[in-house]
Amino acid sequence: MQNKQERTSLHGLWSSRWAYILAATGSAVGLGNIWKFPYITGEHGGGAFVLFYLFCILLIGVPVLMAEVLIGRRGRRMPASSIQHLAIESKVSKHWSVIGWLGMTTGFLILTFYVVIAGWALAYVKLAGLDSFHQLSAQQVDSIFSALSSDPVALIAWSSIILLITMVIVGRGVQHGLERAVSYLMPMMFFILVIIVGYSMSTSGFERAVDFLFTPNWSELTASGALVALGHSCFTLSLASGIMMMYGAYLPNKTSIVKTSLFVAFADTFIALLAGLAIFPIVFSNGLEAGAGPGLIFVTLPIAFGQMPFGHEVGTLFFVMLVFAALTSAISLIEAVVAWLVERTTMTRIQAATLAGLTVWLLSLGTVFSLSTPEAVSFSLDILGLELQGTFFEFLDYITANIMLPLGALLIAVFTAWILKSEVTADEIKTHSLLYMTWKNLMRYLAPAAITLVFLNALGVI
Ligand code: PHE
């Protein structure tokens, strides 16, 4: 056994528990909360979808989050190596490390479209800042969005800026880069969101929005809606993508995994619900469509910003906030790969961040062209009976969020609750036995069963 005092990561540690909480919350809170959660809620009918999503967060997301942090802290290395270390400690096959590789691949793939969407947000900071939406009709706003989306050069330019900022922050390391960035960006983001919710509460659509988000109508929840809610609960907590294992690797030994995980999940959920409360009142009070899809916040919101009092200021703040939220997630999405390159090669952090960034950049072109020339990169595929049709971007988004993440979460649940020795997990989780047993049973039975059921249901098998 290693001496606990000496266990530290090669990449350094968070300077405090609070620094870790900010970074993990920063990773969790991102485009998923502000861009994706509102539009998928709109597409899947509101209340019942939201409630099912909350159920997934609490009963699957939180326990899986705790498992990932536990693995990371015990292993103190990049995800696949940490898992291998734990497998050896429990005397089981080291091939379980495949979970780590799957996660890192998923995170990396997510980043390739994440930077493009974040690039949209950055472009909208400029547009909103220049008051470009002032008094425009819905059609005019729509054509601004279409013009941006169909211009590959603009998309590449904006997403490259996001990627560059990400690379610079990650290149600077855990304390000087990641920690410092999130400690400014997260509080600012929260403050801006609260201001916008305050504005939305004064609009005529507020009550309807509350009703839409919180009154479940179970007949509206379809099998595919349930799969999307499950996938999103993993996506929004940054699970099964190597990230929480990586951030756990930098966690000081004394910090409570239970308390910090609950805090991160609570903050993430609170911010997603706040984003819903910021966005839907504006959508409803302007007679716009809740189910508008990925363009929801880029098309419908600017229409409202163009009409409403202080729309220029609120609109600019909104997109600034979105960029902040996206950046604190983007840095986490690249961190595991950078840590891996540093551990396995002679590269410095800066070289590793540059190489990883350039690879992401190349792959992001697939998403860029999916938006600008969708015909050129569209296809249809049949995966185990799930018919997928659409562009490369839609395909990537679907596969990563709805298949790879839940599958990763399932494997993590099996690995920690069935394969690892109880002494190991109990030693890291360090809580009283009732809570530990609750966690273990959720991971042993509920999480695998629920994920499998939702999968089978979506495939039409049951
Ligand atoms: N959780 C982030 C968000 O909600 C995105 C993300 C997904 C980050 C998966 C890491 C891994 O935007």
# chains A, B, ... in the order shown; residues from 1 in each chain; ligands from 1
$ residues_near_ligand --ligand "ligand 1" --cutoff "9 Å" --atoms "only C-alpha atoms and all ligand atoms" --output "PyMOL selection string"
chain A and resi 25-37+103+106-108+110-111+114+232-244+268+272+325-326+328-334+400-401+405
$ write_last_selection --atoms "C-alpha atoms" --output "PDB file, in the first residue's frame"
ATOM      1  CA  THR A  25     -19.037  22.950 -11.275  1.00  0.00           C
ATOM      2  CA  GLY A  26     -17.440  24.916 -14.089  1.00  0.00           C
ATOM      3  CA  SER A  27     -17.064  21.748 -16.101  1.00  0.00           C
ATOM      4  CA  ALA A  28     -20.606  20.633 -15.366  1.00  0.00           C
ATOM      5  CA  VAL A  29     -22.226  23.959 -16.078  1.00  0.00           C
ATOM      6  CA  GLY A  30     -21.888  24.788 -19.730  1.00  0.00           C
ATOM      7  CA  LEU A  31     -23.651  24.820 -23.046  1.00  0.00           C
ATOM      8  CA  GLY A  32     -25.452  21.736 -21.768  1.00  0.00           C
ATOM      9  CA  ASN A  33     -27.303  23.796 -19.182  1.00  0.00           C
ATOM     10  CA  ILE A  34     -27.978  26.953 -21.115  1.00  0.00           C
ATOM     11  CA  TRP A  35     -28.125  25.859 -24.751  1.00  0.00           C
ATOM     12  CA  LYS A  36     -29.060  22.203 -24.688  1.00  0.00           C
ATOM     13  CA  PHE A  37     -31.276  21.730 -21.624  1.00  0.00           C
ATOM     14  CA  GLY A 103     -14.529   8.151 -21.694  1.00  0.00           C
ATOM     15  CA  THR A 106     -16.158  10.528 -25.849  1.00  0.00           C
ATOM     16  CA  GLY A 107     -14.968  13.734 -24.201  1.00  0.00           C
ATOM     17  CA  PHE A 108     -12.644  14.460 -27.084  1.00  0.00           C
ATOM     18  CA  ILE A 110     -17.777  16.145 -27.678  1.00  0.00           C
ATOM     19  CA  LEU A 111     -15.176  18.890 -27.676  1.00  0.00           C
ATOM     20  CA  TYR A 114     -18.608  21.969 -28.414  1.00  0.00           C
ATOM     21  CA  HIS A 232     -28.322  14.597 -20.865  1.00  0.00           C
ATOM     22  CA  SER A 233     -28.018  13.861 -17.159  1.00  0.00           C
ATOM     23  CA  CYS A 234     -24.599  12.326 -17.952  1.00  0.00           C
ATOM     24  CA  PHE A 235     -23.681  15.121 -20.350  1.00  0.00           C
ATOM     25  CA  THR A 236     -24.581  17.924 -17.994  1.00  0.00           C
ATOM     26  CA  LEU A 237     -22.644  16.456 -15.056  1.00  0.00           C
ATOM     27  CA  SER A 238     -19.659  15.823 -17.381  1.00  0.00           C
ATOM     28  CA  LEU A 239     -19.820  12.119 -16.556  1.00  0.00           C
ATOM     29  CA  ALA A 240     -18.310   9.176 -18.430  1.00  0.00           C
ATOM     30  CA  SER A 241     -15.958  11.427 -20.344  1.00  0.00           C
ATOM     31  CA  GLY A 242     -12.886  11.026 -18.205  1.00  0.00           C
ATOM     32  CA  ILE A 243     -13.308  14.493 -16.781  1.00  0.00           C
ATOM     33  CA  MET A 244     -14.541  13.888 -13.288  1.00  0.00           C
ATOM     34  CA  ASP A 268     -25.533  22.235 -12.032  1.00  0.00           C
ATOM     35  CA  ALA A 272     -30.079  24.525 -15.702  1.00  0.00           C
ATOM     36  CA  ALA A 325     -19.912  28.787 -19.198  1.00  0.00           C
ATOM     37  CA  ALA A 326     -18.668  27.097 -22.371  1.00  0.00           C
ATOM     38  CA  THR A 328     -14.971  26.352 -18.202  1.00  0.00           C
ATOM     39  CA  SER A 329     -16.373  23.172 -19.753  1.00  0.00           C
ATOM     40  CA  ALA A 330     -14.112  23.201 -22.813  1.00  0.00           C
ATOM     41  CA  ILE A 331     -10.994  23.314 -20.633  1.00  0.00           C
ATOM     42  CA  SER A 332     -12.231  20.247 -18.782  1.00  0.00           C
ATOM     43  CA  LEU A 333     -12.994  18.404 -22.006  1.00  0.00           C
ATOM     44  CA  ILE A 334      -9.393  18.665 -23.162  1.00  0.00           C
ATOM     45  CA  THR A 400     -21.840  10.742 -27.753  1.00  0.00           C
ATOM     46  CA  ALA A 401     -24.638  12.032 -25.520  1.00  0.00           C
ATOM     47  CA  LEU A 405     -22.140   8.507 -22.133  1.00  0.00           C
TER      48      LEU A 405
END
$ closest_atom_pairs --of "region 419-459 of chain A" --to "region 83-89 of chain A" --cutoff "10 Å" --atoms "only C-alpha atoms" --output "CSV"
residue,atom,partner,partner_atom,distance
A:Ile419,CA,A:Ala87,CA,8.2
A:Leu420,CA,A:Ala87,CA,6.9
A:Lys421,CA,A:Glu89,CA,8.5
A:Val424,CA,A:Leu86,CA,8.3
A:Thr425,CA,A:Leu86,CA,9.9
$ write_last_selection --atoms "N, CA, C and O atoms" --output "short mmCIF file (atom, residue, chain, number, x, y, z; two decimals), in the first residue's frame"
data_model
loop_
_atom_site.label_atom_id
_atom_site.label_comp_id
_atom_site.auth_asym_id
_atom_site.auth_seq_id
_atom_site.Cartn_x
_atom_site.Cartn_y
_atom_site.Cartn_z
N ILE A 419 -17.03 -4.87 -9.12
CA ILE A 419 -15.67 -5.39 -9.36
C ILE A 419 -14.67 -4.94 -8.31
O ILE A 419 -13.88 -5.74 -7.82
N LEU A 420 -14.72 -3.67 -7.97
CA LEU A 420 -13.74 -3.17 -7.00
C LEU A 420 -14.01 -3.73 -5.61
O LEU A 420 -15.16 -4.00 -5.26
N LYS A 421 -12.94 -3.85 -4.83
CA LYS A 421 -13.11 -4.32 -3.46
C LYS A 421 -13.81 -3.25 -2.63
O LYS A 421 -13.50 -2.06 -2.75
N VAL A 424 -11.74 -0.66 -0.81
CA VAL A 424 -11.21 0.44 -1.60
C VAL A 424 -12.25 1.56 -1.73
O VAL A 424 -11.98 2.72 -1.45
N THR A 425 -13.46 1.17 -2.13
CA THR A 425 -14.47 2.22 -2.34
C THR A 425 -14.85 2.87 -1.01
O THR A 425 -14.95 4.08 -0.93
#
$ closest_atom_pairs --of "region 368-406 of chain A" --to "region 207-228 of chain A" --cutoff "9 Å" --atoms "only C-alpha atoms" --output "CSV"
residue,atom,partner,partner_atom,distance
A:Tyr398,CA,A:Val228,CA,8.7
A:Ala401,CA,A:Val228,CA,7.9
A:Asn402,CA,A:Val228,CA,6.0
A:Ile403,CA,A:Leu227,CA,8.8
A:Pro406,CA,A:Leu227,CA,9.0
$ closest_residue --among "A:Gln351, A:Ser146, A:Ser160, A:Ser285" --to "Ser200 (chain A)" --atoms "only C-alpha atoms"
A:Ser285
$ atom_distance --atom1 "CA of His432 (chain A)" --atom2 "CA of Tyr53 (chain A)"
27.8 Å
$ select_by_dssp --residues "region 204-446 of chain A" --states "helix (DSSP H, G or I)" --output "JSON, numbers by chain"
{"A": [206, 207, 208, 209, 210, 211, 212, 213, 214, 218, 219, 220, 223, 224, 225, 226, 227, 228, 229, 230, 231, 232, 233, 234, 235, 236, 243, 244, 245, 246, 247, 248, 249, 257, 258, 259, 260, 261, 262, 263, 264, 265, 266, 267, 268, 269, 270, 271, 272, 273, 274, 275, 276, 277, 278, 279, 280, 281, 282, 283, 284, 285, 293, 294, 295, 296, 297, 298, 299, 300, 301, 302, 303, 304, 305, 306, 307, 311, 312, 313, 314, 315, 316, 317, 318, 319, 320, 321, 322, 323, 324, 325, 326, 327, 328, 329, 330, 331, 332, 333, 334, 335, 336, 337, 338, 339, 340, 341, 342, 343, 344, 349, 350, 351, 352, 353, 354, 355, 356, 357, 358, 359, 360, 361, 362, 363, 364, 365, 366, 367, 368, 369, 370, 371, 372, 374, 375, 376, 377, 392, 393, 394, 395, 396, 397, 398, 399, 400, 401, 402, 403, 404, 405, 406, 407, 408, 409, 410, 411, 412, 413, 414, 415, 416, 417, 418, 419, 422, 423, 424, 425, 426, 427, 428, 429, 433, 434, 435, 436, 437, 438, 439, 440, 441, 442, 443, 444, 445, 446]}
$ closest_residue --among "A:Ile303, A:Val64, A:Ile40, A:Ala121" --to "His134 (chain A)" --atoms "only C-alpha atoms"
A:Ile303
$ closest_atom_pairs --of "region 130-234 of chain A" --to "region 352-371 of chain A" --cutoff "9 Å" --atoms "only C-alpha atoms" --output "JSON lines"
{"residue": "A:Ser149", "atom": "CA", "partner": "A:Leu371", "partner_atom": "CA", "distance": 5.6}
{"residue": "A:Ser150", "atom": "CA", "partner": "A:Leu371", "partner_atom": "CA", "distance": 6.2}
{"residue": "A:Asp151", "atom": "CA", "partner": "A:Leu371", "partner_atom": "CA", "distance": 8.5}
{"residue": "A:Pro152", "atom": "CA", "partner": "A:Val368", "partner_atom": "CA", "distance": 6.1}
{"residue": "A:Val153", "atom": "CA", "partner": "A:Val368", "partner_atom": "CA", "distance": 8.9}
{"residue": "A:Leu155", "atom": "CA", "partner": "A:Val368", "partner_atom": "CA", "distance": 6.3}
{"residue": "A:Ile156", "atom": "CA", "partner": "A:Val368", "partner_atom": "CA", "distance": 6.9}
{"residue": "A:Ser159", "atom": "CA", "partner": "A:Trp361", "partner_atom": "CA", "distance": 8.3}
{"residue": "A:Ser160", "atom": "CA", "partner": "A:Trp361", "partner_atom": "CA", "distance": 7.1}
{"residue": "A:Leu163", "atom": "CA", "partner": "A:Gly357", "partner_atom": "CA", "distance": 6.6}
{"residue": "A:Leu164", "atom": "CA", "partner": "A:Gly357", "partner_atom": "CA", "distance": 7.6}
{"residue": "A:Thr166", "atom": "CA", "partner": "A:Gly357", "partner_atom": "CA", "distance": 8.3}
{"residue": "A:Met167", "atom": "CA", "partner": "A:Ala353", "partner_atom": "CA", "distance": 5.4}
{"residue": "A:Val168", "atom": "CA", "partner": "A:Ala353", "partner_atom": "CA", "distance": 7.8}
{"residue": "A:Val170", "atom": "CA", "partner": "A:Ala353", "partner_atom": "CA", "distance": 6.5}
{"residue": "A:Gly171", "atom": "CA", "partner": "A:Ala353", "partner_atom": "CA", "distance": 5.5}
$ write_last_selection --atoms "C-alpha atoms" --output "compact mmCIF listing (two decimals), in the first residue's frame"
# COMPACT_ATOMS: atom_id res chain seq x y z
CA SER A 149 -24.26 29.03 -39.83
CA SER A 150 -23.75 28.82 -43.56
CA ASP A 151 -20.47 30.71 -43.50
CA PRO A 152 -17.71 28.15 -42.89
CA VAL A 153 -15.00 30.78 -42.64
CA LEU A 155 -17.58 29.40 -38.02
CA ILE A 156 -13.97 28.31 -38.24
CA SER A 159 -14.44 28.34 -32.98
CA SER A 160 -10.69 28.75 -33.43
CA LEU A 163 -10.09 26.70 -28.94
CA LEU A 164 -7.11 29.01 -28.64
CA THR A 166 -8.93 26.87 -24.10
CA MET A 167 -5.43 25.77 -25.10
CA VAL A 168 -3.80 28.74 -23.38
CA VAL A 170 -5.00 24.37 -20.10
CA GLY A 171 -1.37 24.87 -21.14
$ closest_residue --among "A:Leu230, A:Met189, A:Ala19, A:Leu296" --to "Pro38 (chain A)" --atoms "only C-alpha atoms"
A:Leu296
$ closest_residue --among "A:Pro252, A:Gly177, A:Gly12, A:Gly205" --to "Glu428 (chain A)" --atoms "only C-alpha atoms"
A:Pro252
$ closest_residue --among "A:Phe263, A:Phe310, A:Phe319, A:Phe392" --to "Leu58 (chain A)" --atoms "only C-alpha atoms"
A:Phe263
$ residues_around --residues "Leu22 (chain A)" --least-positions-apart "4" --cutoff "9 Å" --atoms "only C-alpha atoms" --output "list of chain:residue names"
A:Arg17, A:Trp18, A:Gly26, A:Ser27, A:Glu179, A:Val182, A:Ser183, A:Met186, A:Val264
$ residues_around --residues "Leu251 (chain A)" --least-positions-apart "2" --cutoff "10 Å" --atoms "only C-alpha atoms" --output "number ranges by chain"
A: 8-9, 12-17, 19-21, 69-70, 72-74, 76, 245-249, 253-257
$ closest_residue --among "A:Lys259, A:Val377, A:Val197, A:Ala80" --to "Thr431 (chain A)" --atoms "only C-alpha atoms"
A:Lys259
$ residues_around --residues "Ser81 (chain A)" --least-positions-apart "4" --cutoff "8 Å" --atoms "only C-alpha atoms" --output "VMD selection string"
chain A and resid 75 77 85 97 100
$ residues_around --residues "Ile462 (chain A)" --least-positions-apart "3" --cutoff "12 Å" --atoms "only C-alpha atoms" --output "number ranges by chain"
A: 223, 452-459
